[in-house]
Amino acid sequence: MIGDLRSGVMRRYAFFIDCSADGDFDEGVRFWSAALESDTEAPDDPTDPYVSLPAARGTAQLEMQRIGGPSRYHLDLYAADVNAEADRLEALGAERIEFVDRWWVMRAPTGHIFCVVPD
């Protein structure tokens with residue numbers, strides 16, 4: 001059964017949104033913390049490359065998807081009203097790329113592709 005604890009050990013996961021050092025990291029932190037409705041937790045050391053988003057709302061799900069292009073990571077953000085959520089994310093700086101079936105494919109200001117899908 002998928003999802004059973006075959007090894008008897010609970011695993012912990014972390015999902016990282018990698019942002020180019022050449023890009024605007026602060027803009028990425030602003031966008032993703034607002035998109036995920038999360039506070040931010042910056043390290044005391046300014047050279048530390050991580051900023052946590054500890055209060056991201058919702059639950060996480062990890063899936064594999066077969067696509068007709070290069071391998072990548074992307075987020076699906078679930079919404080009761082995909083158009084209203086796409087509007088909200090667009091106001092934060094994202095751009096709509098394509099409407100597919102019932103969801104929006106979007107690009108964050110950081111260049112990351114993500115989808116807004118029906119809940």
# chains A, B, ... in the order shown; residues from 1 in each chain; ligands from 1
>>> residues_around(residues="segment 37-41 of chain A", least_positions_apart="5", cutoff="6 Å", atoms="only C-alpha atoms", output="PyMOL selection string")
chain A and resi 51-53+55-56
>>> write_last_selection(atoms="all heavy atoms", output="PDB file, in the first residue's frame")
ATOM      1  N   VAL A  51      15.632  31.418   4.218  1.00  0.00           N
ATOM      2  CA  VAL A  51      14.576  32.119   4.940  1.00  0.00           C
ATOM      3  C   VAL A  51      13.435  31.116   5.042  1.00  0.00           C
ATOM      4  O   VAL A  51      12.991  30.563   4.029  1.00  0.00           O
ATOM      5  CB  VAL A  51      14.115  33.399   4.208  1.00  0.00           C
ATOM      6  CG1 VAL A  51      12.882  33.985   4.862  1.00  0.00           C
ATOM      7  CG2 VAL A  51      15.238  34.431   4.177  1.00  0.00           C
ATOM      8  N   SER A  52      12.966  30.861   6.245  1.00  0.00           N
ATOM      9  CA  SER A  52      11.883  29.892   6.449  1.00  0.00           C
ATOM     10  C   SER A  52      10.533  30.562   6.283  1.00  0.00           C
ATOM     11  O   SER A  52      10.366  31.751   6.583  1.00  0.00           O
ATOM     12  CB  SER A  52      11.966  29.297   7.857  1.00  0.00           C
ATOM     13  OG  SER A  52      13.129  28.514   7.976  1.00  0.00           O
ATOM     14  N   LEU A  53       9.579  29.774   5.810  1.00  0.00           N
ATOM     15  CA  LEU A  53       8.180  30.192   5.732  1.00  0.00           C
ATOM     16  C   LEU A  53       7.401  29.251   6.647  1.00  0.00           C
ATOM     17  O   LEU A  53       6.674  28.376   6.190  1.00  0.00           O
ATOM     18  CB  LEU A  53       7.672  30.109   4.288  1.00  0.00           C
ATOM     19  CG  LEU A  53       8.465  30.892   3.251  1.00  0.00           C
ATOM     20  CD1 LEU A  53       7.946  30.602   1.851  1.00  0.00           C
ATOM     21  CD2 LEU A  53       8.412  32.369   3.535  1.00  0.00           C
ATOM     22  N   ALA A  55       4.843  29.353   8.643  1.00  0.00           N
ATOM     23  CA  ALA A  55       3.401  29.342   8.849  1.00  0.00           C
ATOM     24  C   ALA A  55       2.638  29.213   7.539  1.00  0.00           C
ATOM     25  O   ALA A  55       1.518  29.668   7.428  1.00  0.00           O
ATOM     26  CB  ALA A  55       2.978  30.617   9.588  1.00  0.00           C
ATOM     27  N   ALA A  56       3.260  28.595   6.522  1.00  0.00           N
ATOM     28  CA  ALA A  56       2.555  28.417   5.248  1.00  0.00           C
ATOM     29  C   ALA A  56       1.250  27.687   5.519  1.00  0.00           C
ATOM     30  O   ALA A  56       1.231  26.673   6.202  1.00  0.00           O
ATOM     31  CB  ALA A  56       3.422  27.653   4.259  1.00  0.00           C
TER      32      ALA A  56
END
>>> select_by_dssp(residues="chain A", states="strand (DSSP E or B)", output="MDAnalysis selection string")
chainID A and resid 41 52 75:79 95:100 103:107 113:118
>>> residues_around(residues="Pro118 of chain A", least_positions_apart="3", cutoff="9 Å", atoms="only C-alpha atoms", output="list in words")
Leu77, Tyr78, Ala79, Ala80, Asp81, Val82, Arg102 and Trp103 of chain A
>>> select_by_dssp(residues="chain A", states="alpha helix (DSSP H)", output="PDB file with N, CA, C and O atoms, in the first residue's frame")
ATOM      1  N   PHE A  25      16.264  38.020  -4.520  1.00  0.00           N
ATOM      2  CA  PHE A  25      15.850  37.067  -3.494  1.00  0.00           C
ATOM      3  C   PHE A  25      14.789  37.675  -2.576  1.00  0.00           C
ATOM      4  O   PHE A  25      13.797  37.022  -2.248  1.00  0.00           O
ATOM      5  N   ASP A  26      14.975  38.925  -2.180  1.00  0.00           N
ATOM      6  CA  ASP A  26      14.007  39.570  -1.290  1.00  0.00           C
ATOM      7  C   ASP A  26      12.626  39.647  -1.934  1.00  0.00           C
ATOM      8  O   ASP A  26      11.609  39.466  -1.267  1.00  0.00           O
ATOM      9  N   GLU A  27      12.586  39.908  -3.244  1.00  0.00           N
ATOM     10  CA  GLU A  27      11.310  39.934  -3.967  1.00  0.00           C
ATOM     11  C   GLU A  27      10.689  38.543  -3.973  1.00  0.00           C
ATOM     12  O   GLU A  27       9.480  38.396  -3.827  1.00  0.00           O
ATOM     13  N   GLY A  28      11.520  37.515  -4.133  1.00  0.00           N
ATOM     14  CA  GLY A  28      11.026  36.143  -4.076  1.00  0.00           C
ATOM     15  C   GLY A  28      10.443  35.806  -2.715  1.00  0.00           C
ATOM     16  O   GLY A  28       9.381  35.202  -2.622  1.00  0.00           O
ATOM     17  N   VAL A  29      11.120  36.209  -1.655  1.00  0.00           N
ATOM     18  CA  VAL A  29      10.618  35.970  -0.297  1.00  0.00           C
ATOM     19  C   VAL A  29       9.289  36.692  -0.109  1.00  0.00           C
ATOM     20  O   VAL A  29       8.324  36.125   0.408  1.00  0.00           O
ATOM     21  N   ARG A  30       9.198  37.935  -0.559  1.00  0.00           N
ATOM     22  CA  ARG A  30       7.952  38.711  -0.433  1.00  0.00           C
ATOM     23  C   ARG A  30       6.815  38.018  -1.168  1.00  0.00           C
ATOM     24  O   ARG A  30       5.735  37.818  -0.625  1.00  0.00           O
ATOM     25  N   PHE A  31       7.069  37.614  -2.436  1.00  0.00           N
ATOM     26  CA  PHE A  31       6.015  36.981  -3.226  1.00  0.00           C
ATOM     27  C   PHE A  31       5.559  35.668  -2.605  1.00  0.00           C
ATOM     28  O   PHE A  31       4.371  35.447  -2.385  1.00  0.00           O
ATOM     29  N   TRP A  32       6.503  34.755  -2.349  1.00  0.00           N
ATOM     30  CA  TRP A  32       6.109  33.432  -1.876  1.00  0.00           C
ATOM     31  C   TRP A  32       5.499  33.469  -0.485  1.00  0.00           C
ATOM     32  O   TRP A  32       4.581  32.704  -0.181  1.00  0.00           O
ATOM     33  N   SER A  33       5.963  34.360   0.389  1.00  0.00           N
ATOM     34  CA  SER A  33       5.339  34.432   1.715  1.00  0.00           C
ATOM     35  C   SER A  33       3.907  34.952   1.591  1.00  0.00           C
ATOM     36  O   SER A  33       3.007  34.457   2.270  1.00  0.00           O
ATOM     37  N   ALA A  34       3.667  35.906   0.685  1.00  0.00           N
ATOM     38  CA  ALA A  34       2.300  36.403   0.470  1.00  0.00           C
ATOM     39  C   ALA A  34       1.441  35.365  -0.243  1.00  0.00           C
ATOM     40  O   ALA A  34       0.286  35.148   0.122  1.00  0.00           O
ATOM     41  N   ALA A  35       2.001  34.695  -1.254  1.00  0.00           N
ATOM     42  CA  ALA A  35       1.238  33.690  -1.995  1.00  0.00           C
ATOM     43  C   ALA A  35       0.809  32.544  -1.096  1.00  0.00           C
ATOM     44  O   ALA A  35      -0.307  32.037  -1.210  1.00  0.00           O
ATOM     45  N   VAL A  82     -10.451  29.395  -8.838  1.00  0.00           N
ATOM     46  CA  VAL A  82      -9.120  29.526  -9.446  1.00  0.00           C
ATOM     47  C   VAL A  82      -8.913  30.896 -10.084  1.00  0.00           C
ATOM     48  O   VAL A  82      -7.800  31.422 -10.058  1.00  0.00           O
ATOM     49  N   ASN A  83      -9.956  31.493 -10.632  1.00  0.00           N
ATOM     50  CA  ASN A  83      -9.789  32.816 -11.245  1.00  0.00           C
ATOM     51  C   ASN A  83      -9.536  33.897 -10.204  1.00  0.00           C
ATOM     52  O   ASN A  83      -8.678  34.758 -10.395  1.00  0.00           O
ATOM     53  N   ALA A  84     -10.242  33.839  -9.088  1.00  0.00           N
ATOM     54  CA  ALA A  84     -10.016  34.820  -8.016  1.00  0.00           C
ATOM     55  C   ALA A  84      -8.618  34.661  -7.429  1.00  0.00           C
ATOM     56  O   ALA A  84      -7.936  35.651  -7.146  1.00  0.00           O
ATOM     57  N   GLU A  85      -8.166  33.418  -7.247  1.00  0.00           N
ATOM     58  CA  GLU A  85      -6.825  33.188  -6.707  1.00  0.00           C
ATOM     59  C   GLU A  85      -5.764  33.627  -7.710  1.00  0.00           C
ATOM     60  O   GLU A  85      -4.750  34.225  -7.338  1.00  0.00           O
ATOM     61  N   ALA A  86      -5.983  33.366  -8.998  1.00  0.00           N
ATOM     62  CA  ALA A  86      -5.041  33.833 -10.025  1.00  0.00           C
ATOM     63  C   ALA A  86      -4.984  35.360 -10.029  1.00  0.00           C
ATOM     64  O   ALA A  86      -3.905  35.941 -10.168  1.00  0.00           O
ATOM     65  N   ASP A  87      -6.124  36.014  -9.840  1.00  0.00           N
ATOM     66  CA  ASP A  87      -6.144  37.487  -9.736  1.00  0.00           C
ATOM     67  C   ASP A  87      -5.297  37.951  -8.556  1.00  0.00           C
ATOM     68  O   ASP A  87      -4.511  38.893  -8.667  1.00  0.00           O
ATOM     69  N   ARG A  88      -5.469  37.300  -7.398  1.00  0.00           N
ATOM     70  CA  ARG A  88      -4.715  37.666  -6.189  1.00  0.00           C
ATOM     71  C   ARG A  88      -3.217  37.504  -6.420  1.00  0.00           C
ATOM     72  O   ARG A  88      -2.418  38.389  -6.097  1.00  0.00           O
ATOM     73  N   LEU A  89      -2.829  36.388  -7.021  1.00  0.00           N
ATOM     74  CA  LEU A  89      -1.412  36.122  -7.257  1.00  0.00           C
ATOM     75  C   LEU A  89      -0.838  37.049  -8.328  1.00  0.00           C
ATOM     76  O   LEU A  89       0.314  37.467  -8.236  1.00  0.00           O
ATOM     77  N   GLU A  90      -1.642  37.395  -9.300  1.00  0.00           N
ATOM     78  CA  GLU A  90      -1.222  38.362 -10.321  1.00  0.00           C
ATOM     79  C   GLU A  90      -0.961  39.726  -9.680  1.00  0.00           C
ATOM     80  O   GLU A  90       0.013  40.393 -10.007  1.00  0.00           O
ATOM     81  N   ALA A  91      -1.811  40.114  -8.741  1.00  0.00           N
ATOM     82  CA  ALA A  91      -1.618  41.383  -8.031  1.00  0.00           C
ATOM     83  C   ALA A  91      -0.335  41.379  -7.203  1.00  0.00           C
ATOM     84  O   ALA A  91       0.248  42.431  -6.941  1.00  0.00           O
TER      85      ALA A  91
END
>>> closest_residue(among="A:Asp44, A:Arg66, A:Asp119, A:Gly111", to="Asp24 of chain A", atoms="only C-alpha atoms")
A:Gly111
>>> residues_around(residues="Ala108 of chain A", least_positions_apart="4", cutoff="8 Å", atoms="only C-alpha atoms", output="list in words")
Phe31, Gly93, Ala94, Glu95, His112, Ile113 and Phe114 of chain A
>>> closest_residue(among="A:Leu36, A:Arg107, A:Val117, A:Tyr73", to="Ile17 of chain A", atoms="only C-alpha atoms")
A:Tyr73
>>> closest_residue(among="A:Ile67, A:Ala14, A:Leu92, A:Ala60", to="Thr110 of chain A", atoms="only C-alpha atoms")
A:Leu92
>>> atom_distance(atom1="atom CA of Cys19 of chain A", atom2="atom CA of Phe99 of chain A")
25.1 Å
>>> atom_distance(atom1="atom CA of Leu75 of chain A", atom2="atom CA of Pro46 of chain A")
27.3 Å
>>> atom_distance(atom1="atom CA of Arg72 of chain A", atom2="atom CA of Met106 of chain A")
14.4 Å
>>> residues_around(residues="Val105 of chain A", least_positions_apart="4", cutoff="6 Å", atoms="only C-alpha atoms", output="PyMOL selection string")
chain A and resi 97-98+114-115
